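Following: one structure in structure tokens, then a few remarks.
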Amino acid sequence: MNFVEELQWRGMIHDVMPGTEELLQKEMITAYVGIDPTADSLHIGHLVSVMTLRHLQRSGHKPLALVGGATGMIGDPSMKSQERNLLNEDELRHNQEGIKKQLSKILDFESKERNAAEMVNNYDWMKEFTFLDFIRDIGKHITVNYMMSKDSVKKRLSGEGEGMSFTEFTYQLVQGYDFLYLYRNKNCKLQMGGSDQWGNITTGSELIRRICGGEAFALTWPLITKADGGKFGKTESGNVWLDPKRTSPYRFYQFWLNVSDADAEKYIKIFTDLTREEIEQLIGQQRSEPHLRILQKTLAREVTAMVHSAADVQAAEEASQMLFGQGTAESLAALDEDTFMSVFEGVPQYELERSAFGAGIPLLDLLSVQTAIFPSKGEARRMVEGGGLSINKEKVADPNARITAARLINGRYMLVQKGKKNYYVVIAK
């Protein structure tokens with residue numbers, strides 16, 4: 001598989017240094033991407049870089065995931081107007097472990113082949129480097145004029161935000177040294193990153209040329225946006241994380257399911273391994289039958305299965321059916337608490353003391369006194385007798401029934417459905 005061609009048709013190339021494609025076709029090479037370890041989980045904004053490494057490995061080359069432990073202590077000025085909070089070593093190591101666990105689902109670290117994925121942390125080679133050694137051995141090779149010419153520096157010095165600290169100004173040299181170190185110690189000849197990283201990457205290739213007389217290459221992808229111009233990966237509740245504790249697999253699945261048609265056409269190329277022919281066929285189906293949302297469904301399945309599991313895809317699809325009245329009492333009871341609350345987010349909720357369920361609450365009291373699901377007992381009775389009321393996806397036909405704690409899902413929740421589409425959640429506390 002021609003790696004550059006593969007990225008090209010997927011819309012994943014912004015800039016590529018001349019000679020990169022020829023090098024990749026000639027031999028197995030090692031390439032790296034830097035990952036910011038500011039949290040113990042990746043979010044979907046990181047997925048472009050991880051998918052680039054995945055496509056690289058599928059093409060027979062060796063991917064390096066570089067966790068920026070040292071650079072994370074400085075902060076990259078690219079495309080930011082403020083300096084970030086810095087991390088200590090314990091936080092960085094904790095975050096590295098979380099990131100490695102997630103990457104292991106997407107990249108093959110266990111392969112017996114020469115192109116097994118590898119994780120490195122630049123803190124390991126920077127921690128013993130003294131300031132005097134660094135400015136003597138590295139700093140003298142790059143002029144201030146060269147560093148000032150980079151867009152990331154010019155942007156910060158042009159008046160946006162509070163300017164730039166010396167610490168951040170040195171960032172491109174530290175990142176450049178990473179490339180030099182990996183070139184010397186891992187025979188790494190290619191660094192990849194977002195288009196905003198071009199300046200930092202080329203500083204590294206320039207260091208390699210000046211210090212080693214060697215050739216090193218650069219490739220960047222475009223920054224991913226939404227069709228409406230909004231920022232990719234951000235929702236009203238913040239980042240969409242890969243850690244299921246931060247973003248449940250159901251919410252993760254829903255994010256992809258709810259993207260626009262235009263974004264689905266773009267994202268399915270970037271975030272899946274599907275072939276060009278498979279994707280073109282799906283796009284054709286989408287355009288002829290847009291109401292079926294085949295692209296969004298396929299995208300949601302593929303990405304959720306890759307990041308989480310096939311079982312999580314099935315659970316998310318079953319949970320999705322709940323809101324359309326197609327779920328069963330069994331599938332509802334099988335939902336864990338996070339998924340249950342995610343599915344019924346925004347649905348009216350009522351809290352009752354658990355003790356109230358002791359002897360059983362008369363159904364009509366539950367519906368119109370203890371909660372405001374119905375405005376009156378009379379209206380509640382008519383709905384029950386007409387067969388329009390369900391509790392936990394099971395019809396309740398007796399208006400004189402008593403509702404006990406045995407009806408609570410996982411001992412905490414009860415789903416009341418009025419008619420076809422009106423849901424209410426009762427929570428025992």
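Here, A, B, ... name the chains of the structure tokens in the order displayed, residue numbers run from 1 inside each chain, and ligands are numbered from 1 in the same displayed order.
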
Using only C-alpha atoms, which residues sit within 8 Å of range 421-426 of chain A once same-chain residues fewer than 4 positions away are excluded, as a PDB file with C-alpha atoms, in the first residue's frame?
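So the final result, stored in around-v1.pdb, reads:
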ATOM      1  CA  LEU A 323     -36.018   6.319  22.449  1.00  0.00           C
ATOM      2  CA  PHE A 324     -37.902   5.012  19.417  1.00  0.00           C
ATOM      3  CA  GLY A 325     -39.995   2.597  21.413  1.00  0.00           C
ATOM      4  CA  PHE A 344     -32.411   9.615  28.732  1.00  0.00           C
ATOM      5  CA  VAL A 347     -35.864  13.594  29.808  1.00  0.00           C
ATOM      6  CA  PRO A 348     -37.826  14.992  32.811  1.00  0.00           C
ATOM      7  CA  GLN A 349     -36.585  13.417  36.043  1.00  0.00           C
ATOM      8  CA  TYR A 350     -38.172  13.057  39.460  1.00  0.00           C
ATOM      9  CA  GLU A 351     -36.412  12.030  42.660  1.00  0.00           C
ATOM     10  CA  LEU A 352     -38.228  10.078  45.370  1.00  0.00           C
ATOM     11  CA  ILE A 373     -46.067  13.031  34.915  1.00  0.00           C
ATOM     12  CA  TYR A 413     -34.173   3.983  38.250  1.00  0.00           C
ATOM     13  CA  MET A 414     -37.565   3.591  36.731  1.00  0.00           C
ATOM     14  CA  LEU A 415     -38.520   4.566  33.189  1.00  0.00           C
ATOM     15  CA  VAL A 416     -42.100   5.708  32.726  1.00  0.00           C
ATOM     16  CA  GLN A 417     -43.424   5.994  29.176  1.00  0.00           C
TER      17      GLN A 417
END

Counting only C-alpha atoms, which residues of range 291-333 of chain A sit at most 12 Å from some atom of range 260-272 of chain A, and what is each one's closest atom pair with its distance in Å to one decimal, listed by chain and rising residue number, as CSV?
residue,atom,partner,partner_atom,distance
A:His291,CA,A:Asp261,CA,10.2
A:Leu292,CA,A:Asp261,CA,11.0
A:Arg293,CA,A:Asp261,CA,7.8
A:Ile294,CA,A:Ala264,CA,9.6
A:Leu295,CA,A:Ala264,CA,6.0
A:Gln296,CA,A:Ala264,CA,5.9
A:Lys297,CA,A:Ala264,CA,9.5
A:Thr298,CA,A:Ile268,CA,8.2
A:Leu299,CA,A:Ile268,CA,5.7
A:Ala300,CA,A:Ile268,CA,9.2
A:Arg301,CA,A:Thr272,CA,9.9
A:Glu302,CA,A:Thr272,CA,6.4
A:Val303,CA,A:Thr272,CA,6.5
A:Thr304,CA,A:Thr272,CA,10.2
A:Ala305,CA,A:Thr272,CA,10.3
A:Met306,CA,A:Thr272,CA,8.6
A:Val307,CA,A:Phe271,CA,10.6

Store the residues picked out above in a file with N, CA and C atoms, as a PDB file, in the first residue's frame.
ATOM      1  N   HIS A 291     -32.123   9.583   3.856  1.00  0.00           N
ATOM      2  CA  HIS A 291     -32.898   9.369   5.085  1.00  0.00           C
ATOM      3  C   HIS A 291     -32.430   8.137   5.860  1.00  0.00           C
ATOM      4  N   LEU A 292     -31.745   7.204   5.190  1.00  0.00           N
ATOM      5  CA  LEU A 292     -31.267   5.993   5.872  1.00  0.00           C
ATOM      6  C   LEU A 292     -30.000   6.257   6.685  1.00  0.00           C
ATOM      7  N   ARG A 293     -29.308   7.370   6.402  1.00  0.00           N
ATOM      8  CA  ARG A 293     -28.097   7.760   7.141  1.00  0.00           C
ATOM      9  C   ARG A 293     -27.080   6.612   7.222  1.00  0.00           C
ATOM     10  N   ILE A 294     -26.880   5.943   6.099  1.00  0.00           N
ATOM     11  CA  ILE A 294     -25.985   4.784   6.063  1.00  0.00           C
ATOM     12  C   ILE A 294     -24.546   5.171   6.401  1.00  0.00           C
ATOM     13  N   LEU A 295     -24.118   6.362   5.983  1.00  0.00           N
ATOM     14  CA  LEU A 295     -22.744   6.796   6.269  1.00  0.00           C
ATOM     15  C   LEU A 295     -22.540   6.996   7.766  1.00  0.00           C
ATOM     16  N   GLN A 296     -23.486   7.696   8.397  1.00  0.00           N
ATOM     17  CA  GLN A 296     -23.350   7.955   9.834  1.00  0.00           C
ATOM     18  C   GLN A 296     -23.378   6.655  10.632  1.00  0.00           C
ATOM     19  N   LYS A 297     -24.271   5.750  10.260  1.00  0.00           N
ATOM     20  CA  LYS A 297     -24.372   4.481  10.991  1.00  0.00           C
ATOM     21  C   LYS A 297     -23.096   3.664  10.849  1.00  0.00           C
ATOM     22  N   THR A 298     -22.560   3.621   9.621  1.00  0.00           N
ATOM     23  CA  THR A 298     -21.326   2.864   9.395  1.00  0.00           C
ATOM     24  C   THR A 298     -20.158   3.506  10.131  1.00  0.00           C
ATOM     25  N   LEU A 299     -20.076   4.816  10.057  1.00  0.00           N
ATOM     26  CA  LEU A 299     -19.010   5.554  10.745  1.00  0.00           C
ATOM     27  C   LEU A 299     -19.066   5.299  12.251  1.00  0.00           C
ATOM     28  N   ALA A 300     -20.255   5.414  12.824  1.00  0.00           N
ATOM     29  CA  ALA A 300     -20.410   5.213  14.273  1.00  0.00           C
ATOM     30  C   ALA A 300     -20.011   3.798  14.673  1.00  0.00           C
ATOM     31  N   ARG A 301     -20.432   2.811  13.880  1.00  0.00           N
ATOM     32  CA  ARG A 301     -20.075   1.411  14.183  1.00  0.00           C
ATOM     33  C   ARG A 301     -18.571   1.191  14.113  1.00  0.00           C
ATOM     34  N   GLU A 302     -17.965   1.646  13.016  1.00  0.00           N
ATOM     35  CA  GLU A 302     -16.545   1.389  12.776  1.00  0.00           C
ATOM     36  C   GLU A 302     -15.662   2.032  13.844  1.00  0.00           C
ATOM     37  N   VAL A 303     -15.911   3.298  14.141  1.00  0.00           N
ATOM     38  CA  VAL A 303     -15.031   4.009  15.074  1.00  0.00           C
ATOM     39  C   VAL A 303     -15.257   3.508  16.502  1.00  0.00           C
ATOM     40  N   THR A 304     -16.513   3.253  16.875  1.00  0.00           N
ATOM     41  CA  THR A 304     -16.793   2.763  18.231  1.00  0.00           C
ATOM     42  C   THR A 304     -16.200   1.376  18.439  1.00  0.00           C
ATOM     43  N   ALA A 305     -16.278   0.512  17.433  1.00  0.00           N
ATOM     44  CA  ALA A 305     -15.700  -0.832  17.548  1.00  0.00           C
ATOM     45  C   ALA A 305     -14.179  -0.747  17.679  1.00  0.00           C
ATOM     46  N   MET A 306     -13.556   0.158  16.943  1.00  0.00           N
ATOM     47  CA  MET A 306     -12.098   0.295  16.989  1.00  0.00           C
ATOM     48  C   MET A 306     -11.634   0.835  18.350  1.00  0.00           C
ATOM     49  N   VAL A 307     -12.300   1.862  18.848  1.00  0.00           N
ATOM     50  CA  VAL A 307     -11.871   2.514  20.082  1.00  0.00           C
ATOM     51  C   VAL A 307     -12.348   1.738  21.310  1.00  0.00           C
TER      52      VAL A 307
END

CA of Gly387 in chain A and CA of Gly419 in chain A are how many Å apart?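 Between CA of Gly387 in chain A and CA of Gly419 in chain A the gap is 8.6 Å.
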
Take CA of Thr203 in chain A and CA of Gln96 in chain A and report the distance between them in Å, one decimal.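 That distance, rounded to one decimal, is 25.4 Å.
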
What is the CA of Ser342 in chain A-CA of Ser248 in chain A distance in Å, reported with one decimal?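 Atom-to-atom, CA of Ser342 in chain A to CA of Ser248 in chain A, that is 7.9 Å.
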
As a ChimeraX atom specification, please: every residue in range 207-281 of chain A that DSSP puts in alpha helix (DSSP H). /A:207-212,249-257,261-270,276-281

If you run DSSP on this backbone, which residues of range 13-261 of chain A come out as strand (DSSP E or B), and could you give them as a PDB file with N, CA and C atoms, in the first residue's frame?
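After the write, selection-v7.pdb holds the following:
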ATOM      1  N   ASP A  15       0.629  19.185   3.748  1.00  0.00           N
ATOM      2  CA  ASP A  15       1.953  19.446   3.170  1.00  0.00           C
ATOM      3  C   ASP A  15       2.779  18.168   3.268  1.00  0.00           C
ATOM      4  N   VAL A  16       3.616  17.949   2.293  1.00  0.00           N
ATOM      5  CA  VAL A  16       4.552  16.826   2.362  1.00  0.00           C
ATOM      6  C   VAL A  16       5.863  17.269   1.727  1.00  0.00           C
ATOM      7  N   THR A  30      10.766   4.382   9.773  1.00  0.00           N
ATOM      8  CA  THR A  30      10.157   4.686  11.063  1.00  0.00           C
ATOM      9  C   THR A  30       9.701   6.142  11.035  1.00  0.00           C
ATOM     10  N   ALA A  31       8.473   6.366  11.470  1.00  0.00           N
ATOM     11  CA  ALA A  31       7.917   7.730  11.491  1.00  0.00           C
ATOM     12  C   ALA A  31       7.248   7.960  12.837  1.00  0.00           C
ATOM     13  N   TYR A  32       7.234   9.215  13.261  1.00  0.00           N
ATOM     14  CA  TYR A  32       6.610   9.471  14.562  1.00  0.00           C
ATOM     15  C   TYR A  32       5.639  10.635  14.534  1.00  0.00           C
ATOM     16  N   VAL A  33       4.766  10.588  15.537  1.00  0.00           N
ATOM     17  CA  VAL A  33       3.798  11.651  15.800  1.00  0.00           C
ATOM     18  C   VAL A  33       3.907  11.982  17.283  1.00  0.00           C
ATOM     19  N   GLY A  34       3.879  13.259  17.615  1.00  0.00           N
ATOM     20  CA  GLY A  34       3.897  13.664  19.015  1.00  0.00           C
ATOM     21  C   GLY A  34       2.489  13.755  19.570  1.00  0.00           C
ATOM     22  N   ILE A  35       2.323  13.272  20.790  1.00  0.00           N
ATOM     23  CA  ILE A  35       1.016  13.301  21.456  1.00  0.00           C
ATOM     24  C   ILE A  35       1.159  14.039  22.783  1.00  0.00           C
ATOM     25  N   HIS A  43      -8.609  12.350  23.305  1.00  0.00           N
ATOM     26  CA  HIS A  43      -9.963  12.668  22.854  1.00  0.00           C
ATOM     27  C   HIS A  43      -9.977  12.565  21.335  1.00  0.00           C
ATOM     28  N   LYS A  62       6.986   1.504  10.356  1.00  0.00           N
ATOM     29  CA  LYS A  62       6.989   1.416  11.823  1.00  0.00           C
ATOM     30  C   LYS A  62       6.523   2.729  12.452  1.00  0.00           C
ATOM     31  N   PRO A  63       5.440   2.697  13.232  1.00  0.00           N
ATOM     32  CA  PRO A  63       4.955   3.918  13.889  1.00  0.00           C
ATOM     33  C   PRO A  63       5.536   4.095  15.294  1.00  0.00           C
ATOM     34  N   LEU A  64       5.965   5.305  15.573  1.00  0.00           N
ATOM     35  CA  LEU A  64       6.373   5.692  16.924  1.00  0.00           C
ATOM     36  C   LEU A  64       5.368   6.711  17.449  1.00  0.00           C
ATOM     37  N   ALA A  65       4.827   6.435  18.621  1.00  0.00           N
ATOM     38  CA  ALA A  65       3.980   7.427  19.298  1.00  0.00           C
ATOM     39  C   ALA A  65       4.839   8.078  20.365  1.00  0.00           C
ATOM     40  N   LEU A  66       5.138   9.346  20.169  1.00  0.00           N
ATOM     41  CA  LEU A  66       5.984  10.058  21.127  1.00  0.00           C
ATOM     42  C   LEU A  66       5.094  10.839  22.092  1.00  0.00           C
ATOM     43  N   VAL A  67       5.149  10.455  23.362  1.00  0.00           N
ATOM     44  CA  VAL A  67       4.431  11.202  24.388  1.00  0.00           C
ATOM     45  C   VAL A  67       5.339  12.342  24.812  1.00  0.00           C
ATOM     46  N   GLU A 118       5.634   1.437  18.682  1.00  0.00           N
ATOM     47  CA  GLU A 118       6.434   1.670  19.884  1.00  0.00           C
ATOM     48  C   GLU A 118       6.037   3.023  20.471  1.00  0.00           C
ATOM     49  N   MET A 119       6.078   3.103  21.805  1.00  0.00           N
ATOM     50  CA  MET A 119       5.825   4.383  22.456  1.00  0.00           C
ATOM     51  C   MET A 119       7.111   4.865  23.112  1.00  0.00           C
ATOM     52  N   VAL A 120       7.407   6.150  22.951  1.00  0.00           N
ATOM     53  CA  VAL A 120       8.567   6.759  23.597  1.00  0.00           C
ATOM     54  C   VAL A 120       8.112   8.043  24.279  1.00  0.00           C
ATOM     55  N   ASN A 121       8.912   8.488  25.250  1.00  0.00           N
ATOM     56  CA  ASN A 121       8.582   9.709  25.990  1.00  0.00           C
ATOM     57  C   ASN A 121       9.806  10.607  25.985  1.00  0.00           C
ATOM     58  N   CYS A 188      14.707   7.107  12.762  1.00  0.00           N
ATOM     59  CA  CYS A 188      13.422   7.709  12.385  1.00  0.00           C
ATOM     60  C   CYS A 188      13.678   8.840  11.394  1.00  0.00           C
ATOM     61  N   LYS A 189      13.065   8.742  10.220  1.00  0.00           N
ATOM     62  CA  LYS A 189      13.334   9.703   9.149  1.00  0.00           C
ATOM     63  C   LYS A 189      12.135  10.573   8.780  1.00  0.00           C
ATOM     64  N   LEU A 190      11.009  10.358   9.442  1.00  0.00           N
ATOM     65  CA  LEU A 190       9.807  11.114   9.089  1.00  0.00           C
ATOM     66  C   LEU A 190       9.061  11.517  10.354  1.00  0.00           C
ATOM     67  N   GLN A 191       8.728  12.808  10.442  1.00  0.00           N
ATOM     68  CA  GLN A 191       7.852  13.283  11.507  1.00  0.00           C
ATOM     69  C   GLN A 191       6.555  13.784  10.871  1.00  0.00           C
ATOM     70  N   MET A 192       5.438  13.457  11.519  1.00  0.00           N
ATOM     71  CA  MET A 192       4.121  13.846  11.006  1.00  0.00           C
ATOM     72  C   MET A 192       3.367  14.637  12.072  1.00  0.00           C
ATOM     73  N   GLY A 193       2.450  15.489  11.620  1.00  0.00           N
ATOM     74  CA  GLY A 193       1.672  16.274  12.574  1.00  0.00           C
ATOM     75  C   GLY A 193       0.622  17.087  11.854  1.00  0.00           C
ATOM     76  N   GLY A 194      -0.143  17.857  12.628  1.00  0.00           N
ATOM     77  CA  GLY A 194      -1.138  18.748  12.046  1.00  0.00           C
ATOM     78  C   GLY A 194      -0.463  19.881  11.291  1.00  0.00           C
ATOM     79  N   PHE A 217      12.385  13.963   6.839  1.00  0.00           N
ATOM     80  CA  PHE A 217      11.235  14.411   6.063  1.00  0.00           C
ATOM     81  C   PHE A 217      10.062  14.809   6.953  1.00  0.00           C
ATOM     82  N   ALA A 218       9.102  15.503   6.346  1.00  0.00           N
ATOM     83  CA  ALA A 218       7.948  16.028   7.084  1.00  0.00           C
ATOM     84  C   ALA A 218       6.670  15.797   6.292  1.00  0.00           C
ATOM     85  N   LEU A 219       5.594  15.508   7.021  1.00  0.00           N
ATOM     86  CA  LEU A 219       4.276  15.351   6.405  1.00  0.00           C
ATOM     87  C   LEU A 219       3.251  15.885   7.402  1.00  0.00           C
ATOM     88  N   THR A 220       2.339  16.704   6.926  1.00  0.00           N
ATOM     89  CA  THR A 220       1.284  17.204   7.810  1.00  0.00           C
ATOM     90  C   THR A 220      -0.092  16.957   7.201  1.00  0.00           C
ATOM     91  N   TRP A 221      -1.080  16.888   8.082  1.00  0.00           N
ATOM     92  CA  TRP A 221      -2.473  16.750   7.644  1.00  0.00           C
ATOM     93  C   TRP A 221      -3.218  18.054   7.939  1.00  0.00           C
ATOM     94  N   THR A 225     -12.079  20.268  10.556  1.00  0.00           N
ATOM     95  CA  THR A 225     -13.166  21.153  10.969  1.00  0.00           C
ATOM     96  C   THR A 225     -14.500  20.516  10.592  1.00  0.00           C
ATOM     97  N   LYS A 231     -15.690  23.791  15.552  1.00  0.00           N
ATOM     98  CA  LYS A 231     -14.513  23.012  15.902  1.00  0.00           C
ATOM     99  C   LYS A 231     -14.858  21.532  16.013  1.00  0.00           C
ATOM    100  N   LYS A 234     -15.682  18.994  19.585  1.00  0.00           N
ATOM    101  CA  LYS A 234     -16.226  19.699  20.742  1.00  0.00           C
ATOM    102  C   LYS A 234     -17.744  19.587  20.752  1.00  0.00           C
ATOM    103  N   THR A 235     -18.310  19.276  21.909  1.00  0.00           N
ATOM    104  CA  THR A 235     -19.759  19.254  22.064  1.00  0.00           C
ATOM    105  C   THR A 235     -20.111  20.240  23.179  1.00  0.00           C
ATOM    106  N   GLY A 238     -18.279  19.495  26.201  1.00  0.00           N
ATOM    107  CA  GLY A 238     -16.810  19.487  26.141  1.00  0.00           C
ATOM    108  C   GLY A 238     -16.269  18.448  25.179  1.00  0.00           C
ATOM    109  N   ASN A 239     -15.054  17.978  25.465  1.00  0.00           N
ATOM    110  CA  ASN A 239     -14.386  17.013  24.590  1.00  0.00           C
ATOM    111  C   ASN A 239     -15.121  15.677  24.541  1.00  0.00           C
ATOM    112  N   TRP A 241     -14.138  12.064  24.686  1.00  0.00           N
ATOM    113  CA  TRP A 241     -12.945  11.335  25.109  1.00  0.00           C
ATOM    114  C   TRP A 241     -12.983   9.877  24.656  1.00  0.00           C
TER     115      TRP A 241
END

Option closest in space to Asp338 in chain A, from A:Gly214, A:Pro249, A:Pro362, A:Gly69 [counting only C-alpha atoms]: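 So, comparing all the options, the nearest one is A:Pro249.
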